[in-house]
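Source file: input.cif (mmCIF, C-alpha atoms (C1' of nucleotides))
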```
data_final
loop_
_atom_site.label_atom_id
_atom_site.label_comp_id
_atom_site.auth_asym_id
_atom_site.auth_seq_id
_atom_site.Cartn_x
_atom_site.Cartn_y
_atom_site.Cartn_z
CA MET A 5 -1.13 57.67 4.52
CA ARG A 6 -3.17 58.03 1.49
CA TYR A 7 -5.66 55.20 2.04
CA ARG A 8 -7.27 53.47 4.98
CA PRO A 9 -4.79 51.19 6.74
CA GLU A 10 -6.70 48.10 5.60
CA HIS A 11 -6.78 49.24 1.98
CA LYS A 12 -3.53 47.62 0.88
CA ALA A 13 -4.35 44.29 2.52
CA GLU A 14 -7.76 44.29 0.88
CA VAL A 15 -6.38 44.96 -2.58
CA HIS A 16 -3.67 42.38 -2.03
CA GLU A 17 -6.29 39.80 -1.20
CA ARG A 18 -8.43 40.72 -4.20
CA ILE A 19 -5.44 40.24 -6.49
CA VAL A 20 -4.72 36.84 -4.95
CA LYS A 21 -8.36 35.74 -5.29
CA ASP A 22 -8.53 36.84 -8.91
CA ALA A 23 -5.24 35.14 -9.69
CA SER A 24 -6.37 31.99 -7.95
CA ARG A 25 -9.42 31.78 -10.23
CA ARG A 26 -7.49 32.65 -13.34
CA VAL A 27 -4.71 30.20 -12.67
CA ARG A 28 -7.13 27.33 -12.30
CA ALA A 29 -9.17 28.33 -15.34
CA GLU A 30 -6.28 29.04 -17.69
CA GLY A 31 -3.18 27.36 -16.35
CA LEU A 32 -0.05 28.46 -14.52
CA ASN A 33 0.90 31.05 -17.10
CA GLY A 34 -2.63 32.06 -17.96
CA ALA A 35 -2.45 34.34 -14.96
CA ALA A 36 -0.45 37.07 -16.64
CA VAL A 37 0.34 40.01 -14.40
CA ALA A 38 -1.51 42.49 -16.60
CA ALA A 39 -4.59 40.25 -16.88
CA VAL A 40 -4.86 39.65 -13.15
CA MET A 41 -4.44 43.33 -12.37
CA ARG A 42 -7.10 44.20 -14.93
CA ASP A 43 -9.44 41.71 -13.25
CA THR A 44 -8.85 43.55 -10.01
CA GLY A 45 -9.55 46.88 -11.68
CA LEU A 46 -5.98 48.11 -11.60
CA THR A 47 -3.18 48.46 -14.11
CA HIS A 48 -0.14 46.23 -14.34
CA GLY A 49 2.27 48.81 -13.03
CA GLY A 50 1.28 48.70 -9.40
CA PHE A 51 1.80 44.98 -9.18
CA TYR A 52 5.24 45.12 -7.62
CA LYS A 53 3.96 47.27 -4.79
CA HIS A 54 2.11 44.12 -3.70
CA PHE A 55 4.33 41.19 -4.71
CA GLY A 56 8.06 40.69 -4.94
CA SER A 57 7.66 38.60 -8.06
CA LYS A 58 5.09 36.82 -10.14
CA ASP A 59 6.08 33.54 -8.50
CA GLU A 60 5.11 35.00 -5.15
CA LEU A 61 1.63 35.74 -6.46
CA LEU A 62 1.49 32.28 -8.00
CA LEU A 63 2.31 30.62 -4.73
CA GLU A 64 -0.18 32.73 -2.80
CA SER A 65 -2.89 31.99 -5.33
CA LEU A 66 -2.24 28.26 -5.09
CA ARG A 67 -2.32 28.45 -1.32
CA ASP A 68 -5.63 30.25 -1.56
CA ALA A 69 -7.01 27.67 -4.00
CA PHE A 70 -6.03 24.69 -1.86
CA GLY A 71 -7.53 26.41 1.17
CA GLU A 72 -10.74 27.22 -0.66
CA ILE A 73 -11.63 23.64 -1.60
CA ALA A 74 -10.26 22.21 1.62
CA ASP A 75 -12.84 24.43 3.37
CA LYS A 76 -15.56 23.33 0.97
CA LEU A 77 -14.83 19.62 1.30
CA ALA A 78 -14.34 19.72 5.05
CA GLU A 79 -17.68 21.44 5.39
CA ALA A 80 -19.40 18.82 3.23
CA ALA A 81 -17.82 16.09 5.34
CA LYS A 82 -18.92 17.68 8.60
CA ARG A 83 -22.45 18.34 7.37
CA SER A 84 -23.08 14.68 6.61
CA ARG A 85 -24.00 12.90 9.83
CA SER A 86 -25.56 9.82 8.22
CA GLU A 87 -22.46 8.63 6.35
CA PRO A 88 -18.69 8.84 6.83
CA GLY A 89 -17.07 12.11 5.88
CA TRP A 90 -15.01 10.65 3.06
CA LYS A 91 -18.16 9.53 1.26
CA ALA A 92 -19.57 13.04 1.35
CA ILE A 93 -16.26 14.33 0.00
CA VAL A 94 -16.26 11.83 -2.86
CA LYS A 95 -19.85 12.69 -3.79
CA ALA A 96 -19.16 16.40 -3.79
CA TYR A 97 -15.84 16.13 -5.65
CA LEU A 98 -17.14 13.80 -8.36
CA SER A 99 -20.26 15.80 -9.21
CA LEU A 100 -20.91 17.43 -12.57
CA GLU A 101 -21.35 20.86 -10.96
CA TYR A 102 -17.97 20.59 -9.31
CA CYS A 103 -16.40 19.36 -12.53
CA ASP A 104 -17.80 22.40 -14.34
CA GLN A 105 -16.41 24.95 -11.92
CA ILE A 106 -12.80 24.68 -12.90
CA GLU A 107 -11.96 28.10 -11.58
CA ARG A 108 -13.26 27.29 -8.09
CA GLY A 109 -12.23 23.66 -8.04
CA CYS A 110 -9.34 21.70 -6.63
CA PRO A 111 -5.92 22.75 -8.01
CA LEU A 112 -4.96 19.11 -8.54
CA PRO A 113 -7.12 18.32 -11.60
CA ALA A 114 -6.51 21.84 -12.86
CA LEU A 115 -2.76 22.14 -12.42
CA ALA A 116 -1.03 19.00 -11.12
CA PRO A 117 1.18 18.36 -14.17
CA GLU A 118 2.17 22.00 -14.45
CA MET A 119 2.99 22.17 -10.75
CA ALA A 120 5.14 19.05 -11.13
CA ARG A 121 7.08 20.82 -13.91
CA ALA A 122 7.71 24.01 -11.96
CA GLY A 123 11.21 24.98 -10.87
CA LYS A 124 12.73 23.33 -7.81
CA GLU A 125 12.06 26.31 -5.57
CA MET A 126 8.40 26.62 -6.51
CA ARG A 127 7.91 22.87 -6.45
CA GLY A 128 9.08 22.71 -2.87
CA ARG A 129 6.70 25.43 -1.81
CA VAL A 130 3.80 23.88 -3.69
CA PHE A 131 4.59 20.56 -2.06
CA ALA A 132 4.19 22.19 1.35
CA GLU A 133 0.71 23.36 0.35
CA LEU A 134 -0.17 19.88 -0.85
CA VAL A 135 0.87 18.49 2.54
CA LYS A 136 -1.36 21.00 4.31
CA TYR A 137 -4.23 20.00 2.02
CA LYS A 138 -3.61 16.33 2.76
CA ASP A 139 -3.43 16.94 6.51
CA ARG A 140 -6.82 18.63 6.44
CA MET A 141 -8.42 15.79 4.48
CA VAL A 142 -6.82 12.79 6.19
CA PRO A 143 -9.04 12.95 9.32
CA PHE A 144 -12.07 12.29 7.12
CA MET A 145 -10.49 9.40 5.23
CA PRO A 146 -11.44 5.76 5.88
CA GLY A 147 -9.07 3.46 7.76
CA ARG A 148 -8.08 2.64 11.33
CA ARG A 149 -4.49 3.75 11.63
CA GLY A 150 -3.20 7.10 10.50
CA SER A 151 -1.05 5.49 7.83
CA ASP A 152 -4.11 3.72 6.44
CA ARG A 153 -5.99 6.99 6.21
CA GLU A 154 -3.02 8.63 4.55
CA ARG A 155 -2.87 5.91 1.91
CA ALA A 156 -6.61 6.21 1.47
CA PHE A 157 -6.19 9.93 0.90
CA PHE A 158 -3.71 9.37 -1.91
CA VAL A 159 -5.76 6.63 -3.56
CA ILE A 160 -9.05 8.50 -3.32
CA PHE A 161 -7.63 11.83 -4.45
CA SER A 162 -5.67 10.16 -7.25
CA THR A 163 -8.85 8.61 -8.59
CA MET A 164 -10.88 11.79 -8.17
CA THR A 165 -8.18 13.97 -9.74
CA GLY A 166 -7.82 11.71 -12.74
CA ALA A 167 -11.55 11.29 -13.20
CA VAL A 168 -12.24 15.02 -13.16
CA GLU A 169 -9.37 15.67 -15.57
CA ILE A 170 -10.54 13.04 -18.01
CA ALA A 171 -14.16 14.16 -17.73
CA ARG A 172 -13.04 17.68 -18.58
CA MET A 173 -11.54 16.40 -21.82
CA LEU A 174 -14.86 14.94 -22.96
CA PRO A 175 -17.19 16.89 -25.24
CA ASP A 176 -20.63 16.04 -23.86
CA ARG A 177 -22.18 15.89 -20.44
CA ALA A 178 -23.39 12.30 -20.79
CA ALA A 179 -19.83 11.05 -21.26
CA GLN A 180 -18.60 13.26 -18.43
CA GLU A 181 -21.27 11.93 -16.10
CA MET A 182 -20.38 8.38 -17.12
CA VAL A 183 -16.76 8.87 -16.09
CA LEU A 184 -17.60 10.70 -12.89
CA SER A 185 -20.25 8.23 -11.74
CA SER A 186 -18.06 5.23 -12.59
CA ALA A 187 -15.30 6.60 -10.40
CA ARG A 188 -17.83 7.59 -7.72
CA GLU A 189 -19.45 4.16 -7.47
CA PHE A 190 -16.07 2.50 -7.61
CA LEU A 191 -14.71 4.49 -4.67
CA LEU A 192 -17.87 4.37 -2.58
CA HIS A 193 -17.97 0.56 -2.71
CA SER A 194 -14.26 -0.05 -2.24
CA PHE A 195 -13.39 0.94 1.32
CA MET B 23 14.49 17.30 -56.34
CA ARG B 24 17.20 18.26 -54.02
CA TYR B 25 16.99 15.37 -51.57
CA ARG B 26 16.00 11.73 -51.64
CA PRO B 27 12.25 11.32 -51.98
CA GLU B 28 11.95 9.94 -48.42
CA HIS B 29 13.98 12.78 -46.96
CA LYS B 30 11.09 15.11 -46.25
CA ALA B 31 8.97 12.40 -44.63
CA GLU B 32 11.89 11.37 -42.44
CA VAL B 33 12.55 14.91 -41.25
CA HIS B 34 8.84 15.42 -40.68
CA GLU B 35 8.74 12.36 -38.46
CA ARG B 36 11.84 13.42 -36.54
CA ILE B 37 10.24 16.79 -35.82
CA VAL B 38 7.06 15.08 -34.59
CA LYS B 39 8.99 12.68 -32.36
CA ASP B 40 11.06 15.48 -30.85
CA ALA B 41 7.96 17.58 -30.29
CA SER B 42 6.15 14.66 -28.74
CA ARG B 43 8.92 14.27 -26.14
CA ARG B 44 9.19 17.97 -25.52
CA VAL B 45 5.48 18.50 -25.15
CA ARG B 46 5.21 15.82 -22.49
CA ALA B 47 8.30 16.99 -20.65
CA GLU B 48 7.58 20.71 -20.69
CA GLY B 49 3.91 21.21 -21.40
CA LEU B 50 1.81 22.23 -24.36
CA ASN B 51 3.67 25.45 -24.96
CA GLY B 52 7.03 24.17 -23.88
CA ALA B 53 7.33 22.86 -27.41
CA ALA B 54 8.24 26.15 -29.01
CA VAL B 55 8.79 26.00 -32.75
CA ALA B 56 12.39 27.15 -32.54
CA ALA B 57 13.23 24.71 -29.73
CA VAL B 58 11.74 21.70 -31.49
CA MET B 59 13.52 22.55 -34.73
CA ARG B 60 16.79 22.96 -32.88
CA ASP B 61 16.26 19.50 -31.33
CA THR B 62 15.90 18.15 -34.83
CA GLY B 63 19.06 19.94 -35.93
CA LEU B 64 17.32 22.55 -38.07
CA THR B 65 16.47 26.20 -37.72
CA HIS B 66 13.02 27.60 -37.06
CA GLY B 67 12.54 28.97 -40.54
CA GLY B 68 11.92 25.72 -42.32
CA PHE B 69 9.13 24.76 -39.98
CA TYR B 70 6.29 25.89 -42.20
CA LYS B 71 7.56 23.74 -45.04
CA HIS B 72 6.49 20.81 -42.86
CA PHE B 73 3.44 22.02 -40.93
CA GLY B 74 0.62 24.38 -41.68
CA SER B 75 0.59 25.70 -38.15
CA LYS B 76 1.98 24.98 -34.74
CA ASP B 77 -1.33 23.41 -33.77
CA GLU B 78 -0.88 20.86 -36.53
CA LEU B 79 2.45 19.83 -35.06
CA LEU B 80 0.90 19.77 -31.62
CA LEU B 81 -1.84 17.43 -32.72
CA GLU B 82 0.54 15.15 -34.57
CA SER B 83 2.85 15.00 -31.57
CA LEU B 84 -0.05 14.07 -29.28
CA ARG B 85 -1.18 11.40 -31.70
CA ASP B 86 2.34 10.05 -31.70
CA ALA B 87 2.51 10.10 -27.90
CA PHE B 88 -0.79 8.28 -27.43
CA GLY B 89 0.29 5.72 -30.00
CA GLU B 90 3.66 5.23 -28.35
CA ILE B 91 2.32 4.24 -24.92
CA ALA B 92 -0.62 2.36 -26.36
CA ASP B 93 1.97 0.17 -28.09
CA LYS B 94 3.98 -0.19 -24.93
CA LEU B 95 0.99 -1.08 -22.74
CA ALA B 96 -0.56 -3.41 -25.28
CA GLU B 97 2.73 -5.24 -25.56
CA ALA B 98 3.00 -5.59 -21.76
CA ALA B 99 -0.55 -6.94 -21.67
CA LYS B 100 0.11 -9.47 -24.41
CA ARG B 101 3.40 -10.60 -22.90
CA SER B 102 1.75 -11.60 -19.63
CA ARG B 103 0.15 -15.00 -20.03
CA SER B 104 -0.15 -15.79 -16.33
CA GLU B 105 -2.40 -12.88 -15.40
CA PRO B 106 -5.06 -10.76 -17.12
CA GLY B 107 -3.78 -8.05 -19.43
CA TRP B 108 -5.16 -5.21 -17.37
CA LYS B 109 -3.07 -6.26 -14.38
CA ALA B 110 0.10 -6.14 -16.44
CA ILE B 111 -0.92 -2.69 -17.67
CA VAL B 112 -1.52 -1.44 -14.14
CA LYS B 113 1.82 -2.77 -12.94
CA ALA B 114 3.70 -1.20 -15.82
CA TYR B 115 1.88 2.15 -15.62
CA LEU B 116 2.23 2.51 -11.86
CA SER B 117 5.95 1.76 -11.69
CA LEU B 118 8.61 4.22 -10.56
CA GLU B 119 10.52 3.87 -13.82
CA TYR B 120 7.45 4.76 -15.82
CA CYS B 121 6.68 7.67 -13.52
CA ASP B 122 10.20 8.99 -14.07
CA GLN B 123 10.03 8.95 -17.83
CA ILE B 124 7.69 11.85 -18.29
CA GLU B 125 8.80 12.49 -21.85
CA ARG B 126 8.01 8.94 -22.95
CA GLY B 127 4.96 8.44 -20.77
CA CYS B 128 1.24 8.67 -21.23
CA PRO B 129 0.01 12.13 -22.30
CA LEU B 130 -2.77 11.99 -19.72
CA PRO B 131 -0.73 12.54 -16.55
CA ALA B 132 1.51 14.89 -18.48
CA LEU B 133 -1.05 17.07 -20.24
CA ALA B 134 -4.68 16.27 -19.41
CA PRO B 135 -5.57 19.64 -17.84
CA GLU B 136 -3.87 21.59 -20.60
CA MET B 137 -5.61 19.54 -23.27
CA ALA B 138 -8.94 20.19 -21.56
CA ARG B 139 -8.22 23.94 -21.77
CA ALA B 140 -7.31 23.93 -25.46
CA GLY B 141 -9.50 25.66 -28.03
CA LYS B 142 -12.65 23.94 -29.23
CA GLU B 143 -11.06 22.85 -32.50
CA MET B 144 -8.00 21.33 -30.89
CA ARG B 145 -10.05 19.80 -28.09
CA GLY B 146 -12.21 17.94 -30.58
CA ARG B 147 -9.19 16.51 -32.37
CA VAL B 148 -7.51 15.54 -29.12
CA PHE B 149 -10.72 13.86 -28.02
CA ALA B 150 -10.59 11.70 -31.15
CA GLU B 151 -7.08 10.57 -30.17
CA LEU B 152 -8.26 9.79 -26.66
CA VAL B 153 -11.02 7.60 -28.10
CA LYS B 154 -8.49 5.70 -30.21
CA TYR B 155 -6.35 5.21 -27.10
CA LYS B 156 -9.37 3.95 -25.17
CA ASP B 157 -10.39 1.59 -27.95
CA ARG B 158 -6.95 0.02 -27.95
CA MET B 159 -6.99 -0.46 -24.17
CA VAL B 160 -10.58 -1.59 -23.64
CA PRO B 161 -10.01 -5.17 -24.91
CA PHE B 162 -7.56 -5.72 -22.04
CA MET B 163 -9.84 -4.27 -19.38
CA PRO B 164 -11.72 -6.45 -16.85
CA GLY B 165 -15.48 -6.97 -17.20
CA ARG B 166 -17.93 -9.16 -19.11
CA ARG B 167 -19.82 -6.75 -21.33
CA GLY B 168 -18.19 -4.11 -23.48
CA SER B 169 -19.77 -1.33 -21.43
CA ASP B 170 -18.29 -2.84 -18.27
CA ARG B 171 -14.85 -2.88 -19.80
CA GLU B 172 -15.29 0.69 -20.96
CA ARG B 173 -16.21 1.83 -17.47
CA ALA B 174 -13.27 -0.14 -16.13
CA PHE B 175 -11.00 1.68 -18.58
CA PHE B 176 -12.10 5.07 -17.31
CA VAL B 177 -11.85 4.13 -13.64
CA ILE B 178 -8.47 2.43 -13.98
CA PHE B 179 -6.96 5.15 -16.14
CA SER B 180 -8.40 7.87 -13.90
CA THR B 181 -6.72 6.34 -10.89
CA MET B 182 -3.46 5.73 -12.71
CA THR B 183 -3.40 9.21 -14.22
CA GLY B 184 -4.05 10.89 -10.89
CA ALA B 185 -1.57 8.71 -9.03
CA VAL B 186 1.26 9.39 -11.47
CA GLU B 187 0.51 13.11 -11.43
CA ILE B 188 0.50 13.30 -7.66
CA ALA B 189 3.61 11.16 -7.40
CA ARG B 190 5.37 13.55 -9.75
CA MET B 191 4.63 16.42 -7.37
CA LEU B 192 6.40 14.68 -4.47
CA PRO B 193 10.03 15.43 -3.69
CA ASP B 194 11.39 12.02 -2.71
CA ARG B 195 11.19 8.56 -4.17
CA ALA B 196 9.90 6.94 -1.01
CA ALA B 197 6.79 9.13 -1.07
CA GLN B 198 6.35 8.58 -4.81
CA GLU B 199 6.57 4.83 -4.37
CA MET B 200 4.06 5.02 -1.52
CA VAL B 201 1.50 6.73 -3.75
CA LEU B 202 2.14 4.48 -6.73
CA SER B 203 2.02 1.24 -4.73
CA SER B 204 -1.11 2.31 -2.86
CA ALA B 205 -2.92 2.91 -6.13
CA ARG B 206 -1.46 -0.27 -7.61
CA GLU B 207 -2.59 -2.52 -4.77
CA PHE B 208 -5.94 -0.82 -4.67
CA LEU B 209 -6.62 -1.41 -8.36
CA LEU B 210 -5.23 -4.95 -8.45
CA HIS B 211 -7.54 -6.08 -5.64
CA SER B 212 -10.65 -4.27 -6.75
CA PHE B 213 -11.83 -5.93 -9.94
"C1'" DC C 20 27.96 18.77 -66.70
"C1'" DG C 21 24.80 22.42 -65.66
"C1'" DC C 22 20.46 24.05 -64.03
"C1'" DA C 23 15.72 24.14 -61.95
"C1'" DT C 24 13.86 23.38 -57.63
"C1'" DA C 25 12.60 22.34 -53.01
"C1'" DG C 26 14.40 21.99 -48.38
"C1'" DG C 27 16.52 24.82 -45.27
"C1'" DA C 28 18.57 29.37 -43.31
"C1'" DT C 29 18.21 34.29 -42.20
"C1'" DG C 30 16.00 37.67 -40.49
"C1'" DA C 31 11.96 40.72 -39.98
"C1'" DT C 32 7.41 41.50 -37.95
"C1'" DT C 33 4.03 41.50 -34.58
"C1'" DA C 34 2.42 40.20 -30.13
"C1'" DT C 35 2.75 39.00 -25.36
"C1'" DC C 36 4.97 38.99 -21.03
"C1'" DG C 37 7.73 40.06 -16.61
"C1'" DT C 38 9.96 43.66 -14.59
"C1'" DC C 39 10.96 48.17 -13.21
"C1'" DA C 40 11.85 53.32 -13.30
"C1'" DT C 41 9.28 57.23 -13.09
"C1'" DC C 42 5.52 60.13 -12.54
"C1'" DC C 43 0.94 61.35 -10.64
"C1'" DT C 44 -2.48 62.21 -7.13
"C1'" DA C 45 -5.64 61.66 -3.45
"C1'" DT C 46 -5.68 61.82 1.33
"C1'" DG C 47 -4.67 61.53 6.51
"C1'" DG C 48 -2.12 63.88 9.85
"C1'" DA C 49 -0.21 68.22 11.37
"C1'" DT D 6 -5.66 74.13 5.12
"C1'" DC D 7 -1.51 72.19 3.31
"C1'" DC D 8 1.95 68.84 2.42
"C1'" DA D 9 4.48 64.37 2.71
"C1'" DT D 10 3.67 59.92 1.18
"C1'" DA D 11 2.30 55.56 -0.55
"C1'" DG D 12 -0.76 53.39 -3.79
"C1'" DG D 13 -1.54 53.46 -8.46
"C1'" DA D 14 -0.75 54.76 -13.61
"C1'" DT D 15 2.27 55.24 -17.71
"C1'" DG D 16 5.38 53.70 -20.39
"C1'" DA D 17 9.68 51.50 -21.51
"C1'" DC D 18 12.96 47.50 -21.88
"C1'" DG D 19 14.52 42.99 -22.90
"C1'" DA D 20 12.90 38.18 -23.71
"C1'" DT D 21 10.49 34.99 -26.01
"C1'" DA D 22 7.28 33.45 -29.25
"C1'" DA D 23 4.52 32.41 -33.87
"C1'" DT D 24 4.51 33.39 -38.43
"C1'" DC D 25 6.14 34.40 -42.90
"C1'" DA D 26 8.86 36.59 -46.85
"C1'" DT D 27 13.04 36.12 -48.88
"C1'" DC D 28 17.28 34.23 -49.94
"C1'" DC D 29 20.59 30.37 -50.36
"C1'" DT D 30 22.37 26.00 -51.89
"C1'" DA D 31 22.92 21.21 -52.65
"C1'" DT D 32 21.40 17.77 -55.65
"C1'" DG D 33 18.98 14.70 -59.03
"C1'" DC D 34 17.36 15.04 -63.57
"C1'" DG D 35 18.11 16.06 -68.34
#
```

Could you write out this structure as structure tokens?
Amino acid sequence: MRYRPEHKAEVHERIVKDASRRVRAEGLNGAAVAAVMRDTGLTHGGFYKHFGSKDELLLESLRDAFGEIADKLAEAAKRSRSEPGWKAIVKAYLSLEYCDQIERGCPLPALAPEMARAGKEMRGRVFAELVKYKDRMVPFMPGRRGSDRERAFFVIFSTMTGAVEIARMLPDRAAQEMVLSSAREFLLHSF
Amino acid sequence: MRYRPEHKAEVHERIVKDASRRVRAEGLNGAAVAAVMRDTGLTHGGFYKHFGSKDELLLESLRDAFGEIADKLAEAAKRSRSEPGWKAIVKAYLSLEYCDQIERGCPLPALAPEMARAGKEMRGRVFAELVKYKDRMVPFMPGRRGSDRERAFFVIFSTMTGAVEIARMLPDRAAQEMVLSSAREFLLHSF
DNA sequence: CGCATAGGATGATTATCGTCATCCTATGGA
DNA sequence: TCCATAGGATGACGATAATCATCCTATGCG
């Protein structure tokens, strides 16, 4: 072989990481094949040596994105010993810094409507990733029974998703902080 | 003149209405010039007799969309004499029927992330429409002072936006209804 | 009753994008 | 040291899209 055995896997992963950033920053079809490959330092032609189709890359990049913030939020929850995990998650999620980092943030406020509009095939696969995301967050959610925690997940992540989206539409940081802190206080005092 | 004096204004409005549906159903660039004109029964060529640019149509169609649901929600709020207006709004917004009708629904759960990614120019104009939407909803919101009602608007619409978006990602109606009703009960018992 | 005119149609241009066929080349194994 | 090979580069193709120049034609005014 021409390259080290790990070479292909490494490049593959770099493409996915770059696409995962680009897709969150610029939308589902902001991650054009040529642009992503350029990010990775390659040309567009080699793309199909790594992926069967653009949708395959899209799915992998969404999987990567969900995994990335699930890691981040789970770590924040585990680090906080003085308060319940879900409160640490809410505080991290509804912070200005987090709101700023679209390209490293949760795919929900970045892409939820576009994911809902995707073709049936893709939608099914994305749904599976959403379920994995939920399953990783549910243990930190408030509530006694599992079904309570699951409902809490949907309510809390609905509010956080909407708040971050709306904050991102606002032109100045004061207004953004107003929306984020309103949602934050609301959630923290409601469970 | 070739046509009745009102003709041009009527066609203009039909184009905007069609675009407003299409943009919500298929995303900001799902409303291709040719497609919208075909909806209206015309060909793509005449488009620039009505609009200076595609962005102009986009903005007008968003204005129309915000106005359309603002009307609908305000009417629901006014119709309900037995409970506060905001509760009627929450019940209407977080219903399955509403969730289904993407193309006639609120632009927020349909387009918020895409609007946040638009160019500076467009973002500023969209922001102005969002403010008008807010100003029409705030009078119905719970709270004593105006600033309380404004915060309530952002919290309630954040939760509703996120809940509808997440529901629209789910494959079956039972799961959708679970998300919508969780958010609904949560909001109705929290103010 | 005929014509000037504006709304609409046709079609070209330029750009972007996904996909793929083909070629190139550096390297690990012999 | 040499070559077979797979990763990467080049470039093309067909779609789709925004924009605009040009032409067409139905109609209301004179």

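The space between CA of Ala92 in chain A and CA of Lys138 in chain A spans 16.4 Å.
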
*Identify all residues satisfying the PyMOL selection byres ((chain C and resi 30-34) around 10) in the given file; provide them as a PyMOL selection string.*
(chain B and resi 67) or (chain C and resi 28-29+35-36) or (chain D and resi 22-27)

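Under the PyMOL selection byres ((chain B and resi 202) around 7), the matching residues in the shown file are Leu116, Ser117, Ala185, Val186, Ala189, Gln198, Glu199, Met200, Val201, Ser203, Ser204, Ala205 and Arg206 of chain B.
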
_If we count all atoms listed in the file and set the cut-off at 8 Å, which residues sit around Trp90 in chain A, ignoring sequence neighbours fewer than 4 positions away in its own chain? Please answer as a ChimeraX atom specification._
/A:81,94,144-146

Do me a favour and pick out the residues of chain D within 9 Å of chain A, using only C-alpha atoms (C1' of nucleotides), as a PDB file with C-alpha atoms (C1' of nucleotides), in the coordinates of the input.
```
ATOM      1  C1'  DA D   9       4.480  64.370   2.710  1.00  0.00           C
ATOM      2  C1'  DT D  10       3.670  59.920   1.180  1.00  0.00           C
ATOM      3  C1'  DA D  11       2.300  55.560  -0.550  1.00  0.00           C
ATOM      4  C1'  DG D  12      -0.760  53.390  -3.790  1.00  0.00           C
ATOM      5  C1'  DG D  13      -1.540  53.460  -8.460  1.00  0.00           C
ATOM      6  C1'  DA D  14      -0.750  54.760 -13.610  1.00  0.00           C
ATOM      7  C1'  DT D  15       2.270  55.240 -17.710  1.00  0.00           C
TER       8       DT D  15
END
```

_d(CA of Tyr115 in chain B, CA of Tyr97 in chain A) in Å_ = 24.7 Å

Enumerate, as a PDB file with C-alpha atoms, in the coordinates of the input, the residues matched when the PyMOL selection byres ((chain B and resi 138-152) around 9) is run on the file above.
```pdb
ATOM      1  CA  ALA A  29      -9.170  28.330 -15.340  1.00  0.00           C
ATOM      2  CA  GLU A  30      -6.280  29.040 -17.690  1.00  0.00           C
ATOM      3  CA  GLY A  31      -3.180  27.360 -16.350  1.00  0.00           C
ATOM      4  CA  GLU A 169      -9.370  15.670 -15.570  1.00  0.00           C
ATOM      5  CA  ILE A 170     -10.540  13.040 -18.010  1.00  0.00           C
ATOM      6  CA  ALA A 171     -14.160  14.160 -17.730  1.00  0.00           C
ATOM      7  CA  ARG A 172     -13.040  17.680 -18.580  1.00  0.00           C
ATOM      8  CA  MET A 173     -11.540  16.400 -21.820  1.00  0.00           C
ATOM      9  CA  LEU A 174     -14.860  14.940 -22.960  1.00  0.00           C
ATOM     10  CA  PRO A 175     -17.190  16.890 -25.240  1.00  0.00           C
TER      11      PRO A 175
ATOM     12  CA  ASP B  77      -1.330  23.410 -33.770  1.00  0.00           C
ATOM     13  CA  LEU B  81      -1.840  17.430 -32.720  1.00  0.00           C
ATOM     14  CA  LEU B  84      -0.050  14.070 -29.280  1.00  0.00           C
ATOM     15  CA  ARG B  85      -1.180  11.400 -31.700  1.00  0.00           C
ATOM     16  CA  PHE B  88      -0.790   8.280 -27.430  1.00  0.00           C
ATOM     17  CA  GLY B  89       0.290   5.720 -30.000  1.00  0.00           C
ATOM     18  CA  LEU B 133      -1.050  17.070 -20.240  1.00  0.00           C
ATOM     19  CA  ALA B 134      -4.680  16.270 -19.410  1.00  0.00           C
ATOM     20  CA  PRO B 135      -5.570  19.640 -17.840  1.00  0.00           C
ATOM     21  CA  GLU B 136      -3.870  21.590 -20.600  1.00  0.00           C
ATOM     22  CA  MET B 137      -5.610  19.540 -23.270  1.00  0.00           C
ATOM     23  CA  VAL B 153     -11.020   7.600 -28.100  1.00  0.00           C
ATOM     24  CA  LYS B 154      -8.490   5.700 -30.210  1.00  0.00           C
ATOM     25  CA  TYR B 155      -6.350   5.210 -27.100  1.00  0.00           C
ATOM     26  CA  LYS B 156      -9.370   3.950 -25.170  1.00  0.00           C
ATOM     27  CA  ASP B 157     -10.390   1.590 -27.950  1.00  0.00           C
TER      28      ASP B 157
END
```

Cut-off 12 Å: closest chain C/chain A atom pairs per residue, using only C-alpha atoms (C1' of nucleotides), as a tab-separated table:
```
residue	atom	partner	partner_atom	distance
C:DT35	C1'	A:Ala36	CA	9.5
C:DC36	C1'	A:Ala36	CA	7.2
C:DG37	C1'	A:Lys58	CA	7.7
C:DT38	C1'	A:Tyr52	CA	8.5
C:DC39	C1'	A:Tyr52	CA	8.6
C:DA40	C1'	A:Gly49	CA	10.6
C:DT41	C1'	A:Gly49	CA	11.0
C:DC42	C1'	A:Gly49	CA	11.8
C:DT44	C1'	A:Arg6	CA	9.6
C:DA45	C1'	A:Arg6	CA	6.6
C:DT46	C1'	A:Arg6	CA	4.5
C:DG47	C1'	A:Met5	CA	5.6
C:DG48	C1'	A:Met5	CA	8.2
```

Store the residues of this selection in a file with C-alpha atoms (C1' of nucleotides), as a JSON list (two decimals), keeping the file's coordinate frame.
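File produced: result-v6.json:
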```json
[["chain", "number", "residue", "atom", "x", "y", "z"],
["C", 35, "DT", "C1'", 2.75, 39.00, -25.36],
["C", 36, "DC", "C1'", 4.97, 38.99, -21.03],
["C", 37, "DG", "C1'", 7.73, 40.06, -16.61],
["C", 38, "DT", "C1'", 9.96, 43.66, -14.59],
["C", 39, "DC", "C1'", 10.96, 48.17, -13.21],
["C", 40, "DA", "C1'", 11.85, 53.32, -13.30],
["C", 41, "DT", "C1'", 9.28, 57.23, -13.09],
["C", 42, "DC", "C1'", 5.52, 60.13, -12.54],
["C", 44, "DT", "C1'", -2.48, 62.21, -7.13],
["C", 45, "DA", "C1'", -5.64, 61.66, -3.45],
["C", 46, "DT", "C1'", -5.68, 61.82, 1.33],
["C", 47, "DG", "C1'", -4.67, 61.53, 6.51],
["C", 48, "DG", "C1'", -2.12, 63.88, 9.85]]
```
